[in-house]
>>> print(open('query.pdb').read())   # PDB, C-alpha atoms and all ligand atoms
ATOM      1  CA  MET A   1     -49.435 -72.272 -80.799  1.00  0.00           C
ATOM      2  CA  LYS A   2     -49.678 -68.714 -79.520  1.00  0.00           C
ATOM      3  CA  LYS A   3     -49.866 -68.522 -75.758  1.00  0.00           C
ATOM      4  CA  VAL A   4     -50.455 -65.766 -73.249  1.00  0.00           C
ATOM      5  CA  LEU A   5     -48.992 -65.542 -69.751  1.00  0.00           C
ATOM      6  CA  ILE A   6     -51.213 -63.667 -67.313  1.00  0.00           C
ATOM      7  CA  LEU A   7     -49.122 -62.945 -64.224  1.00  0.00           C
ATOM      8  CA  SER A   8     -50.813 -61.199 -61.333  1.00  0.00           C
ATOM      9  CA  GLY A   9     -49.858 -59.702 -58.000  1.00  0.00           C
ATOM     10  CA  ALA A  10     -51.402 -57.912 -55.045  1.00  0.00           C
ATOM     11  CA  GLY A  11     -53.046 -55.223 -57.192  1.00  0.00           C
ATOM     12  CA  LEU A  12     -55.414 -57.811 -58.653  1.00  0.00           C
ATOM     13  CA  SER A  13     -56.901 -58.608 -55.251  1.00  0.00           C
ATOM     14  CA  ALA A  14     -56.543 -55.124 -53.761  1.00  0.00           C
ATOM     15  CA  ALA A  15     -59.701 -54.196 -55.664  1.00  0.00           C
ATOM     16  CA  SER A  16     -61.471 -56.936 -53.669  1.00  0.00           C
ATOM     17  CA  GLY A  17     -60.446 -55.296 -50.410  1.00  0.00           C
ATOM     18  CA  LEU A  18     -57.502 -57.566 -49.600  1.00  0.00           C
ATOM     19  CA  ARG A  19     -54.883 -55.394 -47.966  1.00  0.00           C
ATOM     20  CA  THR A  20     -51.215 -55.769 -48.675  1.00  0.00           C
ATOM     21  CA  PHE A  21     -48.022 -55.047 -46.797  1.00  0.00           C
ATOM     22  CA  ARG A  22     -47.021 -52.459 -49.333  1.00  0.00           C
ATOM     23  CA  GLU A  23     -50.023 -50.262 -48.700  1.00  0.00           C
ATOM     24  CA  SER A  24     -49.156 -50.033 -45.039  1.00  0.00           C
ATOM     25  CA  GLY A  25     -45.472 -49.291 -45.487  1.00  0.00           C
ATOM     26  CA  GLY A  26     -44.285 -52.809 -44.656  1.00  0.00           C
ATOM     27  CA  LEU A  27     -46.180 -52.949 -41.392  1.00  0.00           C
ATOM     28  CA  TRP A  28     -49.457 -54.682 -40.874  1.00  0.00           C
ATOM     29  CA  GLU A  29     -51.144 -54.082 -37.593  1.00  0.00           C
ATOM     30  CA  GLN A  30     -48.599 -55.446 -35.130  1.00  0.00           C
ATOM     31  CA  TYR A  31     -46.658 -57.475 -37.709  1.00  0.00           C
ATOM     32  CA  SER A  32     -43.594 -56.781 -39.819  1.00  0.00           C
ATOM     33  CA  VAL A  33     -42.694 -58.592 -43.033  1.00  0.00           C
ATOM     34  CA  ALA A  34     -39.454 -59.871 -41.479  1.00  0.00           C
ATOM     35  CA  GLU A  35     -41.357 -61.392 -38.571  1.00  0.00           C
ATOM     36  CA  VAL A  36     -44.087 -63.201 -40.463  1.00  0.00           C
ATOM     37  CA  CYS A  37     -42.738 -63.794 -43.990  1.00  0.00           C
ATOM     38  CA  SER A  38     -39.221 -65.050 -43.367  1.00  0.00           C
ATOM     39  CA  VAL A  39     -37.624 -68.286 -42.200  1.00  0.00           C
ATOM     40  CA  PRO A  40     -35.783 -66.623 -39.276  1.00  0.00           C
ATOM     41  CA  GLY A  41     -39.053 -65.005 -38.154  1.00  0.00           C
ATOM     42  CA  PHE A  42     -40.841 -68.369 -38.243  1.00  0.00           C
ATOM     43  CA  LEU A  43     -38.067 -70.106 -36.307  1.00  0.00           C
ATOM     44  CA  LYS A  44     -38.121 -67.344 -33.715  1.00  0.00           C
ATOM     45  CA  ASP A  45     -41.879 -67.186 -33.109  1.00  0.00           C
ATOM     46  CA  ARG A  46     -43.846 -69.955 -34.776  1.00  0.00           C
ATOM     47  CA  ALA A  47     -47.098 -69.187 -32.976  1.00  0.00           C
ATOM     48  CA  LYS A  48     -47.069 -65.563 -34.073  1.00  0.00           C
ATOM     49  CA  VAL A  49     -46.533 -66.483 -37.724  1.00  0.00           C
ATOM     50  CA  LEU A  50     -49.294 -69.119 -37.694  1.00  0.00           C
ATOM     51  CA  LYS A  51     -51.665 -66.629 -36.028  1.00  0.00           C
ATOM     52  CA  PHE A  52     -50.839 -64.078 -38.715  1.00  0.00           C
ATOM     53  CA  TYR A  53     -51.892 -66.517 -41.460  1.00  0.00           C
ATOM     54  CA  ASP A  54     -55.015 -67.463 -39.484  1.00  0.00           C
ATOM     55  CA  GLU A  55     -55.981 -63.789 -39.605  1.00  0.00           C
ATOM     56  CA  ARG A  56     -55.256 -63.623 -43.328  1.00  0.00           C
ATOM     57  CA  ARG A  57     -57.537 -66.650 -43.964  1.00  0.00           C
ATOM     58  CA  ALA A  58     -60.275 -65.077 -41.853  1.00  0.00           C
ATOM     59  CA  GLN A  59     -59.940 -61.847 -43.842  1.00  0.00           C
ATOM     60  CA  LEU A  60     -60.033 -63.752 -47.132  1.00  0.00           C
ATOM     61  CA  ALA A  61     -63.315 -65.399 -46.157  1.00  0.00           C
ATOM     62  CA  GLY A  62     -64.914 -61.951 -46.188  1.00  0.00           C
ATOM     63  CA  CYS A  63     -63.642 -60.930 -49.653  1.00  0.00           C
ATOM     64  CA  GLU A  64     -65.176 -61.588 -53.065  1.00  0.00           C
ATOM     65  CA  PRO A  65     -63.578 -61.919 -56.503  1.00  0.00           C
ATOM     66  CA  ASN A  66     -63.767 -58.800 -58.656  1.00  0.00           C
ATOM     67  CA  LEU A  67     -64.318 -58.275 -62.383  1.00  0.00           C
ATOM     68  CA  ALA A  68     -60.615 -58.774 -63.127  1.00  0.00           C
ATOM     69  CA  HIS A  69     -60.642 -62.229 -61.490  1.00  0.00           C
ATOM     70  CA  TYR A  70     -63.799 -63.131 -63.442  1.00  0.00           C
ATOM     71  CA  THR A  71     -62.285 -61.865 -66.684  1.00  0.00           C
ATOM     72  CA  ILE A  72     -59.189 -64.046 -66.258  1.00  0.00           C
ATOM     73  CA  ALA A  73     -61.419 -67.040 -65.400  1.00  0.00           C
ATOM     74  CA  LYS A  74     -63.532 -66.451 -68.517  1.00  0.00           C
ATOM     75  CA  LEU A  75     -60.469 -66.202 -70.795  1.00  0.00           C
ATOM     76  CA  LYS A  76     -58.959 -69.355 -69.288  1.00  0.00           C
ATOM     77  CA  LYS A  77     -62.203 -71.263 -69.799  1.00  0.00           C
ATOM     78  CA  GLU A  78     -62.505 -70.099 -73.384  1.00  0.00           C
ATOM     79  CA  PHE A  79     -58.893 -70.462 -74.533  1.00  0.00           C
ATOM     80  CA  GLY A  80     -57.691 -73.337 -72.323  1.00  0.00           C
ATOM     81  CA  GLU A  81     -53.988 -74.076 -72.559  1.00  0.00           C
ATOM     82  CA  LYS A  82     -53.385 -70.966 -74.645  1.00  0.00           C
ATOM     83  CA  ILE A  83     -53.765 -68.998 -71.432  1.00  0.00           C
ATOM     84  CA  VAL A  84     -51.265 -69.617 -68.632  1.00  0.00           C
ATOM     85  CA  VAL A  85     -52.466 -68.176 -65.323  1.00  0.00           C
ATOM     86  CA  GLN A  86     -49.819 -67.592 -62.683  1.00  0.00           C
ATOM     87  CA  THR A  87     -50.080 -65.428 -59.604  1.00  0.00           C
ATOM     88  CA  GLN A  88     -47.959 -64.162 -56.756  1.00  0.00           C
ATOM     89  CA  ASN A  89     -51.138 -63.952 -54.692  1.00  0.00           C
ATOM     90  CA  VAL A  90     -51.857 -66.559 -52.049  1.00  0.00           C
ATOM     91  CA  ASP A  91     -55.607 -65.951 -51.979  1.00  0.00           C
ATOM     92  CA  ASP A  92     -58.246 -68.118 -53.704  1.00  0.00           C
ATOM     93  CA  LEU A  93     -60.152 -65.348 -55.476  1.00  0.00           C
ATOM     94  CA  LEU A  94     -59.225 -66.590 -58.965  1.00  0.00           C
ATOM     95  CA  GLU A  95     -60.461 -70.075 -58.030  1.00  0.00           C
ATOM     96  CA  ARG A  96     -63.654 -68.633 -56.588  1.00  0.00           C
ATOM     97  CA  ALA A  97     -64.172 -66.756 -59.840  1.00  0.00           C
ATOM     98  CA  GLY A  98     -64.108 -70.180 -61.527  1.00  0.00           C
ATOM     99  CA  CYS A  99     -60.559 -70.121 -62.896  1.00  0.00           C
ATOM    100  CA  GLU A 100     -58.908 -73.519 -63.304  1.00  0.00           C
ATOM    101  CA  GLY A 101     -55.213 -74.380 -63.434  1.00  0.00           C
ATOM    102  CA  VAL A 102     -53.971 -71.378 -61.462  1.00  0.00           C
ATOM    103  CA  ILE A 103     -50.321 -71.624 -60.437  1.00  0.00           C
ATOM    104  CA  HIS A 104     -49.646 -69.935 -57.109  1.00  0.00           C
ATOM    105  CA  LEU A 105     -45.970 -69.022 -57.258  1.00  0.00           C
ATOM    106  CA  HIS A 106     -45.756 -68.125 -53.579  1.00  0.00           C
ATOM    107  CA  GLY A 107     -48.140 -70.689 -52.107  1.00  0.00           C
ATOM    108  CA  PHE A 108     -51.816 -70.874 -51.269  1.00  0.00           C
ATOM    109  CA  LEU A 109     -53.421 -69.518 -48.113  1.00  0.00           C
ATOM    110  CA  PRO A 110     -56.223 -72.120 -47.693  1.00  0.00           C
ATOM    111  CA  GLU A 111     -53.629 -74.896 -47.640  1.00  0.00           C
ATOM    112  CA  ILE A 112     -51.487 -76.113 -44.775  1.00  0.00           C
ATOM    113  CA  ARG A 113     -48.545 -78.472 -45.007  1.00  0.00           C
ATOM    114  CA  CYS A 114     -47.293 -81.250 -42.743  1.00  0.00           C
ATOM    115  CA  GLU A 115     -43.707 -80.698 -41.643  1.00  0.00           C
ATOM    116  CA  ALA A 116     -43.315 -84.410 -40.892  1.00  0.00           C
ATOM    117  CA  CYS A 117     -44.377 -85.911 -44.250  1.00  0.00           C
ATOM    118  CA  GLY A 118     -44.947 -82.956 -46.591  1.00  0.00           C
ATOM    119  CA  HIS A 119     -48.639 -83.684 -47.133  1.00  0.00           C
ATOM    120  CA  VAL A 120     -50.697 -80.646 -48.149  1.00  0.00           C
ATOM    121  CA  GLN A 121     -54.343 -80.254 -47.156  1.00  0.00           C
ATOM    122  CA  ASN A 122     -56.951 -77.537 -47.603  1.00  0.00           C
ATOM    123  CA  ILE A 123     -58.545 -76.085 -44.475  1.00  0.00           C
ATOM    124  CA  GLY A 124     -60.438 -73.313 -46.211  1.00  0.00           C
ATOM    125  CA  TYR A 125     -60.606 -70.328 -43.887  1.00  0.00           C
ATOM    126  CA  ALA A 126     -60.240 -72.213 -40.593  1.00  0.00           C
ATOM    127  CA  PRO A 127     -57.502 -71.594 -38.027  1.00  0.00           C
ATOM    128  CA  ILE A 128     -54.492 -73.923 -38.114  1.00  0.00           C
ATOM    129  CA  ASN A 129     -54.581 -74.552 -34.372  1.00  0.00           C
ATOM    130  CA  GLY A 130     -55.647 -78.138 -33.613  1.00  0.00           C
ATOM    131  CA  GLN A 131     -55.267 -79.321 -37.213  1.00  0.00           C
ATOM    132  CA  ILE A 132     -53.405 -82.585 -37.677  1.00  0.00           C
ATOM    133  CA  CYS A 133     -52.030 -84.200 -40.820  1.00  0.00           C
ATOM    134  CA  GLU A 134     -54.739 -86.324 -42.411  1.00  0.00           C
ATOM    135  CA  LYS A 135     -52.034 -88.637 -43.760  1.00  0.00           C
ATOM    136  CA  CYS A 136     -49.544 -89.239 -40.917  1.00  0.00           C
ATOM    137  CA  LYS A 137     -51.490 -87.688 -37.982  1.00  0.00           C
ATOM    138  CA  SER A 138     -48.603 -85.370 -37.078  1.00  0.00           C
ATOM    139  CA  PRO A 139     -49.738 -82.160 -35.324  1.00  0.00           C
ATOM    140  CA  LYS A 140     -46.788 -80.269 -36.826  1.00  0.00           C
ATOM    141  CA  MET A 141     -48.636 -78.315 -39.499  1.00  0.00           C
ATOM    142  CA  ARG A 142     -47.585 -75.007 -41.059  1.00  0.00           C
ATOM    143  CA  HIS A 143     -48.853 -72.538 -43.654  1.00  0.00           C
ATOM    144  CA  ASN A 144     -48.207 -73.600 -47.266  1.00  0.00           C
ATOM    145  CA  ILE A 145     -46.729 -70.269 -48.246  1.00  0.00           C
ATOM    146  CA  VAL A 146     -43.229 -69.582 -49.502  1.00  0.00           C
ATOM    147  CA  MET A 147     -41.310 -67.396 -47.065  1.00  0.00           C
ATOM    148  CA  PHE A 148     -38.247 -65.308 -47.772  1.00  0.00           C
ATOM    149  CA  GLY A 149     -35.323 -67.712 -47.454  1.00  0.00           C
ATOM    150  CA  GLU A 150     -37.224 -70.672 -48.951  1.00  0.00           C
ATOM    151  CA  GLN A 151     -37.319 -72.204 -52.418  1.00  0.00           C
ATOM    152  CA  ALA A 152     -40.361 -71.382 -54.540  1.00  0.00           C
ATOM    153  CA  PRO A 153     -41.028 -74.716 -56.296  1.00  0.00           C
ATOM    154  CA  HIS A 154     -43.324 -73.184 -58.919  1.00  0.00           C
ATOM    155  CA  TYR A 155     -40.696 -70.809 -60.286  1.00  0.00           C
ATOM    156  CA  ALA A 156     -39.847 -73.626 -62.725  1.00  0.00           C
ATOM    157  CA  ASP A 157     -43.349 -73.159 -64.186  1.00  0.00           C
ATOM    158  CA  LEU A 158     -42.744 -69.442 -64.482  1.00  0.00           C
ATOM    159  CA  TYR A 159     -39.482 -69.919 -66.406  1.00  0.00           C
ATOM    160  CA  GLU A 160     -41.215 -72.421 -68.683  1.00  0.00           C
ATOM    161  CA  ALA A 161     -43.986 -69.909 -69.372  1.00  0.00           C
ATOM    162  CA  LEU A 162     -41.416 -67.236 -70.234  1.00  0.00           C
ATOM    163  CA  GLN A 163     -40.074 -69.556 -72.929  1.00  0.00           C
ATOM    164  CA  GLU A 164     -43.447 -70.758 -74.221  1.00  0.00           C
ATOM    165  CA  CYS A 165     -45.628 -67.658 -74.291  1.00  0.00           C
ATOM    166  CA  GLU A 166     -45.491 -64.784 -76.742  1.00  0.00           C
ATOM    167  CA  MET A 167     -47.756 -62.344 -74.973  1.00  0.00           C
ATOM    168  CA  PHE A 168     -47.278 -61.161 -71.385  1.00  0.00           C
ATOM    169  CA  VAL A 169     -50.079 -59.558 -69.398  1.00  0.00           C
ATOM    170  CA  CYS A 170     -48.857 -58.389 -66.017  1.00  0.00           C
ATOM    171  CA  ILE A 171     -51.504 -57.241 -63.549  1.00  0.00           C
ATOM    172  CA  GLY A 172     -51.068 -55.530 -60.201  1.00  0.00           C
ATOM    173  CA  THR A 173     -47.408 -56.059 -59.517  1.00  0.00           C
ATOM    174  CA  SER A 174     -44.672 -53.503 -59.119  1.00  0.00           C
ATOM    175  CA  GLY A 175     -41.866 -55.937 -59.836  1.00  0.00           C
ATOM    176  CA  GLU A 176     -40.240 -55.825 -56.418  1.00  0.00           C
ATOM    177  CA  VAL A 177     -40.229 -59.572 -55.855  1.00  0.00           C
ATOM    178  CA  LEU A 178     -40.255 -60.824 -59.453  1.00  0.00           C
ATOM    179  CA  ASP A 179     -38.299 -59.017 -62.177  1.00  0.00           C
ATOM    180  CA  VAL A 180     -41.328 -58.514 -64.406  1.00  0.00           C
ATOM    181  CA  ALA A 181     -39.636 -55.674 -66.318  1.00  0.00           C
ATOM    182  CA  GLY A 182     -36.800 -58.048 -67.251  1.00  0.00           C
ATOM    183  CA  TYR A 183     -39.300 -60.715 -68.335  1.00  0.00           C
ATOM    184  CA  THR A 184     -40.669 -58.476 -71.116  1.00  0.00           C
ATOM    185  CA  ARG A 185     -37.710 -59.318 -73.328  1.00  0.00           C
ATOM    186  CA  TYR A 186     -39.011 -62.876 -73.680  1.00  0.00           C
ATOM    187  CA  PHE A 187     -42.261 -61.720 -75.301  1.00  0.00           C
ATOM    188  CA  LYS A 188     -43.453 -60.253 -78.563  1.00  0.00           C
ATOM    189  CA  ILE A 189     -46.101 -58.187 -76.791  1.00  0.00           C
ATOM    190  CA  SER A 190     -46.236 -57.050 -73.179  1.00  0.00           C
ATOM    191  CA  VAL A 191     -49.035 -55.306 -71.316  1.00  0.00           C
ATOM    192  CA  LEU A 192     -48.853 -53.864 -67.804  1.00  0.00           C
ATOM    193  CA  ASN A 193     -51.798 -52.927 -65.593  1.00  0.00           C
ATOM    194  CA  ASN A 194     -50.909 -51.181 -62.339  1.00  0.00           C
ATOM    195  CA  LEU A 195     -52.804 -48.602 -60.321  1.00  0.00           C
ATOM    196  CA  ASP A 196     -49.802 -46.296 -60.206  1.00  0.00           C
ATOM    197  CA  ALA A 197     -47.216 -45.350 -62.793  1.00  0.00           C
ATOM    198  CA  SER A 198     -43.754 -46.656 -61.943  1.00  0.00           C
ATOM    199  CA  ARG A 199     -40.177 -47.075 -63.171  1.00  0.00           C
ATOM    200  CA  ILE A 200     -41.096 -50.356 -64.901  1.00  0.00           C
ATOM    201  CA  ASP A 201     -43.733 -48.873 -67.248  1.00  0.00           C
ATOM    202  CA  LYS A 202     -41.181 -48.108 -69.964  1.00  0.00           C
ATOM    203  CA  PHE A 203     -40.321 -51.789 -70.402  1.00  0.00           C
ATOM    204  CA  PHE A 204     -43.861 -52.674 -71.530  1.00  0.00           C
ATOM    205  CA  ASP A 205     -45.447 -52.118 -74.930  1.00  0.00           C
ATOM    206  CA  LYS A 206     -48.701 -50.959 -73.369  1.00  0.00           C
ATOM    207  CA  CYS A 207     -49.635 -49.718 -69.886  1.00  0.00           C
ATOM    208  CA  TYR A 208     -53.023 -49.340 -68.239  1.00  0.00           C
ATOM    209  CA  THR A 209     -52.417 -47.141 -65.213  1.00  0.00           C
ATOM    210  CA  GLU A 210     -55.667 -47.764 -63.364  1.00  0.00           C
ATOM    211  CA  SER A 211     -57.439 -50.329 -61.202  1.00  0.00           C
ATOM    212  CA  ALA A 212     -57.462 -53.935 -62.438  1.00  0.00           C
ATOM    213  CA  VAL A 213     -61.265 -53.736 -62.436  1.00  0.00           C
ATOM    214  CA  THR A 214     -61.532 -50.822 -64.875  1.00  0.00           C
ATOM    215  CA  ALA A 215     -58.652 -52.119 -67.012  1.00  0.00           C
ATOM    216  CA  ALA A 216     -60.014 -55.681 -67.267  1.00  0.00           C
ATOM    217  CA  PRO A 217     -62.137 -55.134 -70.413  1.00  0.00           C
ATOM    218  CA  LYS A 218     -59.116 -53.467 -72.066  1.00  0.00           C
ATOM    219  CA  TRP A 219     -56.568 -56.224 -71.544  1.00  0.00           C
ATOM    220  CA  GLU A 220     -59.295 -58.762 -72.263  1.00  0.00           C
ATOM    221  CA  SER A 221     -59.671 -57.158 -75.679  1.00  0.00           C
ATOM    222  CA  ASP A 222     -55.870 -57.126 -76.206  1.00  0.00           C
ATOM    223  CA  ILE A 223     -55.683 -60.842 -75.397  1.00  0.00           C
ATOM    224  CA  ARG A 224     -58.579 -61.706 -77.700  1.00  0.00           C
ATOM    225  CA  LYS A 225     -57.052 -59.771 -80.561  1.00  0.00           C
ATOM    226  CA  PHE A 226     -53.726 -61.502 -80.065  1.00  0.00           C
ATOM    227  CA  LEU A 227     -55.157 -65.036 -79.859  1.00  0.00           C
ATOM    228  CA  GLN A 228     -57.789 -64.578 -82.518  1.00  0.00           C
ATOM    229  CA  GLY A 229     -55.182 -63.095 -84.847  1.00  0.00           C
ATOM    230  CA  GLU A 230     -53.745 -66.616 -84.965  1.00  0.00           C
ATOM    231  CA  ALA A 231     -57.089 -68.003 -86.137  1.00  0.00           C
ATOM    232  CA  HIS A 232     -57.028 -65.619 -89.088  1.00  0.00           C
ATOM    233  CA  GLU A 233     -53.471 -66.607 -89.983  1.00  0.00           C
ATOM    234  CA  ASN A 234     -54.506 -70.262 -89.994  1.00  0.00           C
ATOM    235  CA  ASP A 235     -57.531 -69.468 -92.158  1.00  0.00           C
ATOM    236  CA  ASN A 236     -55.168 -68.144 -94.808  1.00  0.00           C
ATOM    237  CA  LEU A 237     -53.037 -71.279 -94.910  1.00  0.00           C
TER
HETATM  238 ZN    ZN B   1     -48.004 -85.744 -42.356  1.00  0.00          ZN
END
>>> encode(input="query.pdb", output="structure tokens")
Amino acid sequence: MKKVLILSGAGLSAASGLRTFRESGGLWEQYSVAEVCSVPGFLKDRAKVLKFYDERRAQLAGCEPNLAHYTIAKLKKEFGEKIVVQTQNVDDLLERAGCEGVIHLHGFLPEIRCEACGHVQNIGYAPINGQICEKCKSPKMRHNIVMFGEQAPHYADLYEALQECEMFVCIGTSGEVLDVAGYTRYFKISVLNNLDASRIDKFFDKCYTESAVTAAPKWESDIRKFLQGEAHENDNL
């Protein structure tokens, strides 16, 4: 069975107004990446890190999915397991667009996790302060987001998708955290959609250098052609 991996990053949600660290040169208001996205930063100032993610949830509540999120949701609904949706984003905009089965490689902002028993619960856009584990009643709750210095449990799903899928559609990621340029060698066809041209463009068969919103109908068409090509092959058997 032909399968497509759609892997997205910050550029997918940037068009919905979600700001990223990269846009602000690694600084975000009074925060630095090292302070709020790393294990040493969390150990040093837990309250600051939890407040940072509270602010990110509050910001997310005010954002809406864009056409690119809706396009991915529509393709997933139509093609089911032939489409593998994985994202580096921690927001819920794909889910709000109606997409099912999204794998969040770096965690999920609406969720918090109990440090005592590991239980994960969804608090939506609420602050973490005062939340207790609904399973063991521990008050020791943290964000359910992978920090630098931690294992990313869903990377196993990513490596499986690299083996299983023949088409790679990479949206809104510059390849600084994941080696998306290197991944292209696993695929027959690779498509990149980033706002800006970059050093990784040359590794992909096709590049759309524009917003995810304006490119969405284009990679949608590429995906349909690829998956529906299989239907024609089967017709000839
Ligand atoms: Zn617990």
>>> residues_around(input="query.pdb", residues="Asp91 (chain A)", least_positions_apart="5", cutoff="8 Å", atoms="all atoms listed in the file", output="PyMOL selection string")
chain A and resi 60+108-110
>>> closest_atom_pairs(input="query.pdb", of="chain A", to="ligand ZN 1 (chain B)", cutoff="9 Å", atoms="all atoms listed in the file", output="Markdown table")
| residue | atom | partner | partner_atom | distance |
| --- | --- | --- | --- | --- |
| A:Arg113 | CA | B:ZN1 | ZN | 7.8 |
| A:Cys114 | CA | B:ZN1 | ZN | 4.6 |
| A:Glu115 | CA | B:ZN1 | ZN | 6.7 |
| A:Ala116 | CA | B:ZN1 | ZN | 5.1 |
| A:Cys117 | CA | B:ZN1 | ZN | 4.1 |
| A:Gly118 | CA | B:ZN1 | ZN | 5.9 |
| A:His119 | CA | B:ZN1 | ZN | 5.2 |
| A:Val120 | CA | B:ZN1 | ZN | 8.2 |
| A:Ile132 | CA | B:ZN1 | ZN | 7.8 |
| A:Cys133 | CA | B:ZN1 | ZN | 4.6 |
| A:Glu134 | CA | B:ZN1 | ZN | 6.8 |
| A:Lys135 | CA | B:ZN1 | ZN | 5.2 |
| A:Cys136 | CA | B:ZN1 | ZN | 4.1 |
| A:Lys137 | CA | B:ZN1 | ZN | 5.9 |
| A:Ser138 | CA | B:ZN1 | ZN | 5.3 |
| A:Pro139 | CA | B:ZN1 | ZN | 8.1 |
| A:Lys140 | CA | B:ZN1 | ZN | 7.9 |
| A:Met141 | CA | B:ZN1 | ZN | 8.0 |
>>> write_last_selection(input="query.pdb", atoms="C-alpha atoms", output="mmCIF file, in the frame of the given file")
data_model
loop_
_atom_site.group_PDB
_atom_site.id
_atom_site.type_symbol
_atom_site.label_atom_id
_atom_site.label_comp_id
_atom_site.auth_asym_id
_atom_site.auth_seq_id
_atom_site.Cartn_x
_atom_site.Cartn_y
_atom_site.Cartn_z
ATOM 1 C CA ARG A 113 -48.545 -78.472 -45.007
ATOM 2 C CA CYS A 114 -47.293 -81.250 -42.743
ATOM 3 C CA GLU A 115 -43.707 -80.698 -41.643
ATOM 4 C CA ALA A 116 -43.315 -84.410 -40.892
ATOM 5 C CA CYS A 117 -44.377 -85.911 -44.250
ATOM 6 C CA GLY A 118 -44.947 -82.956 -46.591
ATOM 7 C CA HIS A 119 -48.639 -83.684 -47.133
ATOM 8 C CA VAL A 120 -50.697 -80.646 -48.149
ATOM 9 C CA ILE A 132 -53.405 -82.585 -37.677
ATOM 10 C CA CYS A 133 -52.030 -84.200 -40.820
ATOM 11 C CA GLU A 134 -54.739 -86.324 -42.411
ATOM 12 C CA LYS A 135 -52.034 -88.637 -43.760
ATOM 13 C CA CYS A 136 -49.544 -89.239 -40.917
ATOM 14 C CA LYS A 137 -51.490 -87.688 -37.982
ATOM 15 C CA SER A 138 -48.603 -85.370 -37.078
ATOM 16 C CA PRO A 139 -49.738 -82.160 -35.324
ATOM 17 C CA LYS A 140 -46.788 -80.269 -36.826
ATOM 18 C CA MET A 141 -48.636 -78.315 -39.499
#
>>> resolve_selection(input="query.pdb", expression="the PyMOL selection byres (((chain A and resi 124) around 8) and not hetatm)", output="VMD selection string")
chain A and resid 57 110 to 111 122 to 123 125 to 126
>>> resolve_selection(input="query.pdb", expression="the PyMOL selection byres (((chain A and resi 51) around 12) and not hetatm)", output="PyMOL selection string")
chain A and resi 30-31+35-36+42+45-50+52-58+126-129+142-143
>>> closest_atom_pairs(input="query.pdb", of="region 36-153 of chain A", to="region 1-6 of chain A", cutoff="10 Å", atoms="only C-alpha atoms", output="CSV")
residue,atom,partner,partner_atom,distance
A:Ile72,CA,A:Ile6,CA,8.1
A:Lys76,CA,A:Ile6,CA,9.8
A:Phe79,CA,A:Lys3,CA,9.3
A:Gly80,CA,A:Lys3,CA,9.8
A:Glu81,CA,A:Lys3,CA,7.6
A:Lys82,CA,A:Lys3,CA,4.4
A:Ile83,CA,A:Val4,CA,5.0
A:Val84,CA,A:Leu5,CA,4.8
A:Val85,CA,A:Ile6,CA,5.1
A:Gln86,CA,A:Ile6,CA,6.2
A:Thr87,CA,A:Ile6,CA,8.0
>>> residues_around(input="query.pdb", residues="Gly175 (chain A)", least_positions_apart="3", cutoff="12 Å", atoms="all atoms listed in the file", output="PyMOL selection string")
chain A and resi 7-11+88+170-172+178-184+192-194+198-201+203
>>> resolve_selection(input="query.pdb", expression="the PyMOL selection byres (((chain A and resi 73) around 9) and not hetatm)", output="PyMOL selection string")
chain A and resi 68-72+74-78+94-95+97-100
>>> closest_residue(input="query.pdb", among="A:Glu164, A:Asp92, A:Glu150, A:Asp157", to="Asn66 (chain A)", atoms="all atoms listed in the file")
A:Asp92
>>> atom_distance(input="query.pdb", atom1="CA of Met147 (chain A)", atom2="CA of Glu176 (chain A)")
14.9 Å
>>> atom_distance(input="query.pdb", atom1="CA of Met167 (chain A)", atom2="CA of Ser221 (chain A)")
13.0 Å
>>> residues_around(input="query.pdb", residues="region 151-153 of chain A", least_positions_apart="2", cutoff="8 Å", atoms="only C-alpha atoms", output="VMD selection string")
chain A and resid 105 to 106 146 149 155 to 156
>>> closest_residue(input="query.pdb", among="A:Ser13, A:Val33, A:Tyr159, A:Leu43", to="Asn89 (chain A)", atoms="only C-alpha atoms")
A:Ser13
>>> closest_residue(input="query.pdb", among="A:Pro65, A:Cys207, A:Tyr186, A:Ala14", to="Trp219 (chain A)", atoms="all atoms listed in the file")
A:Cys207
>>> atom_distance(input="query.pdb", atom1="CA of Pro217 (chain A)", atom2="CA of Ser190 (chain A)")
16.3 Å
>>> build_atoms(input="query.pdb", residues="region 91-98 of chain A", atoms="N, CA and C atoms", output="CSV table (one decimal), keeping the file's coordinate frame")
chain,number,residue,atom,x,y,z
A,91,ASP,N,-54.2,-65.8,-52.2
A,91,ASP,CA,-55.6,-66.0,-52.0
A,91,ASP,C,-56.2,-66.9,-53.0
A,92,ASP,N,-57.5,-67.2,-52.8
A,92,ASP,CA,-58.2,-68.1,-53.7
A,92,ASP,C,-59.3,-67.4,-54.5
A,93,LEU,N,-59.1,-66.1,-54.8
A,93,LEU,CA,-60.2,-65.3,-55.5
A,93,LEU,C,-60.3,-65.7,-57.0
A,94,LEU,N,-59.1,-66.1,-57.6
A,94,LEU,CA,-59.2,-66.6,-59.0
A,94,LEU,C,-60.0,-67.9,-59.0
A,95,GLU,N,-59.7,-68.8,-58.1
A,95,GLU,CA,-60.5,-70.1,-58.0
A,95,GLU,C,-61.9,-69.8,-57.8
A,96,ARG,N,-62.2,-68.9,-56.9
A,96,ARG,CA,-63.7,-68.6,-56.6
A,96,ARG,C,-64.4,-68.0,-57.8
A,97,ALA,N,-63.6,-67.3,-58.6
A,97,ALA,CA,-64.2,-66.8,-59.8
A,97,ALA,C,-64.4,-67.8,-60.9
A,98,GLY,N,-63.9,-69.1,-60.6
A,98,GLY,CA,-64.1,-70.2,-61.5
A,98,GLY,C,-62.9,-70.5,-62.4
